[in-house]
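Student: Before we start, here is the structure in question, set down as structure tokens.
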Amino acid sequence: MEITTALVKKMIDTQFPEWSGLEVYPVAKDGHDNRTFHLGNKMAVRLPSGSDYVAQVEKEAKWLPFLAKHLSLPITNPIAIGKPSEDYPFIWSVNSYLAGETASEDNISDKCCFAKELASFLRELQSIDTTGAPEAGKQNFYRGASPEVYSHQVDEALEAHKNDLPTEKFRILWEQAISSKWEQKPRWIHGDVASGNLLVKNGSLCAVIDFGIMGIGDPACDYTMAWTFFDKQSRKCFVQDLDQATIDRARGWALWKALITCTDANEDVAQNAKHTLHEIIVEFDKNYAPSL
């Protein structure tokens, strides 16, 4: 489905005429689950890119105001819900615009400090009351469940790449990842902690966006940036408060996603996956290889 500036402008004019005078234009870096557009300089419009992501709109509208009250950093703030139309078949949202640059290698002052800032945010999120919150499952692509739910995809990927990747090593790490379970009470998870959903100002973490696959369960899935983004030293800073089993499951989540996307048609996605696999193998060779 093509979601254009003209389409978004038409829906704003029709459903929210009080904002019809505001300029509509795409954000610099868009996501996969939603298409996002600026609405003036203080709001953003988010439209699900497909039916699988529609439930995220109502979930965010219900839970983000509650979560925001307990967090020290700004997060996505829903303002209004748009209705389906003859031009666009799903509900959609208007949110407050959060200033900041998408996190990258270039705009972070110190990776270890940034890792600690992100870890602190996640601890705050995990401490919030979970009564009535949406549990991990199909609604959020099983983030917060055991990574074992994707074992069949890992098996298929390992078989497909047996001639070009060190699949025996990856198999060892995957078995470690699924050998333990989260035994504590469910905790809030963001579900998609990635550089594209983290905003930076003056070199530091300033806001967190895109909570579409949030839920409650095992927080391990929120630590995949240890391998997808951080280096050896900052990785230690990021996971320093986690027990080894949770680190193993977090690595499992990162491994699963990298294995199924390392040949993605999107070159940026494929390169990030290959980077992740490289980081995982370097870590493996240092910690495990001598005993093999």
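To be explicit about the labels: the chains of the structure tokens are called A, B, and onward in the order shown, and within each one the residues are counted from 1, while ligands get numbers from 1 in the order they are shown.
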Could you name the residues that touch A:Val200 at 10 Å or less, counting only C-alpha atoms, but leaving out those on the same chain fewer than 2 positions away, as an MDAnalysis selection string?

Tutor: chainID A and resid 99:104 107:109 114 195 198 202:208

Student: With stretch 110-113 of chain A as the partner and 12 Å as the cut-off, tabulate the residues of stretch 167-239 of chain A that qualify, each row holding the nearest pair of atoms and their distance in Å to one decimal, using only C-alpha atoms, sorted by chain and rising number, as JSON lines.

Tutor:
```
{"residue": "A:Val200", "atom": "CA", "partner": "A:Asp110", "partner_atom": "CA", "distance": 11.7}
{"residue": "A:Asn202", "atom": "CA", "partner": "A:Asp110", "partner_atom": "CA", "distance": 10.9}
{"residue": "A:Gly203", "atom": "CA", "partner": "A:Asp110", "partner_atom": "CA", "distance": 7.4}
{"residue": "A:Ser204", "atom": "CA", "partner": "A:Cys113", "partner_atom": "CA", "distance": 8.0}
{"residue": "A:Leu205", "atom": "CA", "partner": "A:Cys113", "partner_atom": "CA", "distance": 9.3}
{"residue": "A:Met225", "atom": "CA", "partner": "A:Lys111", "partner_atom": "CA", "distance": 11.6}
{"residue": "A:Ala226", "atom": "CA", "partner": "A:Cys112", "partner_atom": "CA", "distance": 10.9}
{"residue": "A:Phe229", "atom": "CA", "partner": "A:Lys111", "partner_atom": "CA", "distance": 9.5}
{"residue": "A:Phe230", "atom": "CA", "partner": "A:Lys111", "partner_atom": "CA", "distance": 7.1}
{"residue": "A:Asp231", "atom": "CA", "partner": "A:Lys111", "partner_atom": "CA", "distance": 8.2}
{"residue": "A:Lys232", "atom": "CA", "partner": "A:Cys112", "partner_atom": "CA", "distance": 9.7}
{"residue": "A:Gln233", "atom": "CA", "partner": "A:Cys112", "partner_atom": "CA", "distance": 6.9}
{"residue": "A:Ser234", "atom": "CA", "partner": "A:Cys112", "partner_atom": "CA", "distance": 4.2}
{"residue": "A:Arg235", "atom": "CA", "partner": "A:Cys112", "partner_atom": "CA", "distance": 7.7}
{"residue": "A:Lys236", "atom": "CA", "partner": "A:Cys112", "partner_atom": "CA", "distance": 8.3}
{"residue": "A:Cys237", "atom": "CA", "partner": "A:Cys112", "partner_atom": "CA", "distance": 5.8}
{"residue": "A:Phe238", "atom": "CA", "partner": "A:Cys112", "partner_atom": "CA", "distance": 7.5}
{"residue": "A:Val239", "atom": "CA", "partner": "A:Cys112", "partner_atom": "CA", "distance": 10.9}
```

Student: List every residue of stretch 149-272 of chain A that DSSP, applied to the backbone of this structure, places in strand (DSSP E or B), and write the result as an mmCIF file with N, CA and C atoms, in the first residue's frame.

Tutor:
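Result went into result-v6.cif, see below:
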```
data_model
loop_
_atom_site.group_PDB
_atom_site.id
_atom_site.type_symbol
_atom_site.label_atom_id
_atom_site.label_comp_id
_atom_site.auth_asym_id
_atom_site.auth_seq_id
_atom_site.Cartn_x
_atom_site.Cartn_y
_atom_site.Cartn_z
ATOM 1 N N ARG A 187 7.416 -8.279 33.193
ATOM 2 C CA ARG A 187 7.796 -6.872 33.247
ATOM 3 C C ARG A 187 7.444 -6.194 31.925
ATOM 4 N N TRP A 188 7.272 -4.895 31.998
ATOM 5 C CA TRP A 188 7.009 -4.140 30.779
ATOM 6 C C TRP A 188 8.210 -4.218 29.838
ATOM 7 N N ILE A 189 7.910 -4.377 28.556
ATOM 8 C CA ILE A 189 8.946 -4.351 27.519
ATOM 9 C C ILE A 189 8.536 -3.363 26.427
ATOM 10 N N LEU A 198 15.287 5.429 19.104
ATOM 11 C CA LEU A 198 15.919 6.181 20.186
ATOM 12 C C LEU A 198 16.347 7.541 19.650
ATOM 13 N N LEU A 199 16.004 8.600 20.386
ATOM 14 C CA LEU A 199 16.352 9.948 19.956
ATOM 15 C C LEU A 199 17.462 10.512 20.831
ATOM 16 N N VAL A 200 18.324 11.294 20.190
ATOM 17 C CA VAL A 200 19.513 11.823 20.848
ATOM 18 C C VAL A 200 19.546 13.344 20.749
ATOM 19 N N LYS A 201 19.944 13.982 21.824
ATOM 20 C CA LYS A 201 20.161 15.426 21.835
ATOM 21 C C LYS A 201 21.420 15.700 22.642
ATOM 22 N N SER A 204 23.288 12.628 24.046
ATOM 23 C CA SER A 204 22.694 11.738 25.045
ATOM 24 C C SER A 204 21.280 11.314 24.646
ATOM 25 N N LEU A 205 20.830 10.208 25.208
ATOM 26 C CA LEU A 205 19.473 9.724 24.979
ATOM 27 C C LEU A 205 18.477 10.749 25.514
ATOM 28 N N CYS A 206 17.536 11.182 24.663
ATOM 29 C CA CYS A 206 16.584 12.212 25.095
ATOM 30 C C CYS A 206 15.134 11.786 24.987
ATOM 31 N N ALA A 207 14.835 10.709 24.246
ATOM 32 C CA ALA A 207 13.449 10.256 24.105
ATOM 33 C C ALA A 207 13.432 8.861 23.495
ATOM 34 N N VAL A 208 12.325 8.142 23.722
ATOM 35 C CA VAL A 208 12.140 6.802 23.160
ATOM 36 C C VAL A 208 10.785 6.776 22.460
ATOM 37 N N GLY A 215 4.538 -4.808 25.500
ATOM 38 C CA GLY A 215 3.746 -5.800 26.203
ATOM 39 C C GLY A 215 4.437 -6.101 27.520
ATOM 40 N N ILE A 216 4.076 -7.209 28.124
ATOM 41 C CA ILE A 216 4.733 -7.619 29.361
ATOM 42 C C ILE A 216 5.218 -9.061 29.231
ATOM 43 N N GLY A 217 6.325 -9.349 29.914
ATOM 44 C CA GLY A 217 6.896 -10.688 29.882
ATOM 45 C C GLY A 217 8.362 -10.653 30.248
#
```

Student: Quick one: distance from atom CA of A:Pro74 to atom CA of A:Phe211 in Å, one decimal?

Tutor: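 Calculated distance between atom CA of A:Pro74 and atom CA of A:Phe211 is 12.2 Å.
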
Student: Pick from A:Leu7, A:Leu98, A:Ile280, A:Ala119: nearest to A:Pro166, with only C-alpha atoms counted?

Tutor: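 Looking at the shortest contact to A:Pro166, the residue is A:Ile280.
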
Student: Can you list, as a PDB file with C-alpha atoms, in the first residue's frame, all residues belonging to stretch 14-67 of chain A that DSSP tags as helix (DSSP H, G or I)?

Tutor:
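Once written, out_31.pdb looks like this:
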```
ATOM      1  CA  THR A  14     -11.261  15.641   6.308  1.00  0.00           C
ATOM      2  CA  GLN A  15     -11.064  14.297   9.860  1.00  0.00           C
ATOM      3  CA  PRO A  17      -9.974  20.296   9.947  1.00  0.00           C
ATOM      4  CA  GLU A  18      -8.542  22.262  12.878  1.00  0.00           C
ATOM      5  CA  TRP A  19      -5.101  21.121  11.651  1.00  0.00           C
ATOM      6  CA  SER A  51      -3.162  -5.009   8.844  1.00  0.00           C
ATOM      7  CA  ASP A  52      -0.714  -6.783  11.181  1.00  0.00           C
ATOM      8  CA  TYR A  53       0.164  -3.458  12.797  1.00  0.00           C
ATOM      9  CA  ALA A  55      -3.754  -3.185  16.851  1.00  0.00           C
ATOM     10  CA  GLN A  56      -0.699  -1.185  17.862  1.00  0.00           C
ATOM     11  CA  VAL A  57      -2.587   2.091  17.430  1.00  0.00           C
ATOM     12  CA  GLU A  58      -5.219   1.424  20.099  1.00  0.00           C
ATOM     13  CA  LYS A  59      -2.688  -0.212  22.406  1.00  0.00           C
ATOM     14  CA  GLU A  60      -0.434   2.830  22.309  1.00  0.00           C
ATOM     15  CA  ALA A  61      -3.368   5.186  22.860  1.00  0.00           C
ATOM     16  CA  LYS A  62      -4.397   3.229  25.961  1.00  0.00           C
ATOM     17  CA  TRP A  63      -1.062   2.514  27.605  1.00  0.00           C
ATOM     18  CA  LEU A  64       1.451   5.196  26.640  1.00  0.00           C
ATOM     19  CA  PRO A  65      -0.116   7.976  28.760  1.00  0.00           C
ATOM     20  CA  PHE A  66       0.028   5.589  31.733  1.00  0.00           C
ATOM     21  CA  LEU A  67       3.653   4.628  31.121  1.00  0.00           C
TER      22      LEU A  67
END
```

Student: Sorted by chain and rising residue number, list the residues of stretch 54-83 of chain A at most 8 Å from stretch 121-131 of chain A (counting only C-alpha atoms), each with its closest atom pair and distance in Å to one decimal, as CSV.

Tutor:
```
residue,atom,partner,partner_atom,distance
A:Leu67,CA,A:Ile128,CA,7.4
A:His70,CA,A:Ile128,CA,6.9
A:Leu71,CA,A:Glu124,CA,6.3
A:Ser72,CA,A:Phe121,CA,7.8
A:Leu73,CA,A:Phe121,CA,7.5
```

Student: Using only C-alpha atoms, determine which residues lie at most 9 Å from A:Ala270, disregarding the query and same-chain residues fewer than 6 positions distant; provide the list as a VMD selection string.

Tutor: chain A and resid 258 261 to 264

Student: Output C-alpha atoms for every residue in the selection just made, as a PDB file, in the first residue's frame.

Tutor:
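Saved file out-v3.pdb follows:
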```
ATOM      1  CA  ALA A 258      20.087 -11.463  12.180  1.00  0.00           C
ATOM      2  CA  THR A 261      17.492 -10.902   7.662  1.00  0.00           C
ATOM      3  CA  CYS A 262      21.141 -11.300   6.631  1.00  0.00           C
ATOM      4  CA  THR A 263      20.062 -11.738   2.992  1.00  0.00           C
ATOM      5  CA  ASP A 264      17.262  -9.170   3.110  1.00  0.00           C
TER       6      ASP A 264
END
```

Student: I need the residue nearest A:Ala136 from this list: A:His190, A:Lys42, A:Lys83, A:Lys116. Use only C-alpha atoms for the distance.

Tutor: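 Counting only C-alpha atoms, the residue closest to A:Ala136 is A:His190.
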
Student: Which residues are close to stretch 167-180 of chain A, i.e. within 6 Å by only C-alpha atoms, leaving aside same-chain residues fewer than 6 positions away? Reply as a VMD selection string.

Tutor: chain A and resid 148 158 248 to 249 252

Student: Residues within 12 Å of A:Tyr88, please, as a ChimeraX atom specification. Count only C-alpha atoms; anything in the same chain fewer than 2 positions from it doesn't count.

Tutor: /A:1-4,6-8,10-11,47-51,54,82-86,90-92

Student: Please measure the separation of atom CA of A:Tyr150 and atom CA of A:Glu283, giving the value in Å to one decimal.

Tutor: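 For atom CA of A:Tyr150 relative to atom CA of A:Glu283, the distance reads 22.5 Å.
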
Student: Of the candidates A:Leu259, A:Val27, A:Glu117, A:Val269, which shows the shortest atom-to-atom distance to A:His161, using only C-alpha atoms?

Tutor: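 Using only C-alpha atoms, the shortest distance to A:His161 belongs to A:Leu259.
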
Student: Leaving out A:Gln153 and any residue of its chain fewer than 4 positions from it, which residues lie within 8 Å of it when counting only C-alpha atoms, given as a list in words?

Tutor: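 So, after excluding close chain neighbours, the residues are Ala157, Trp256 and Ile260 of chain A.
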
Student: Just the number, please: distance in Å from atom CA of A:Met214 to atom CA of A:Glu105, one decimal.

Tutor: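 Those two atoms sit 25.6 Å apart.
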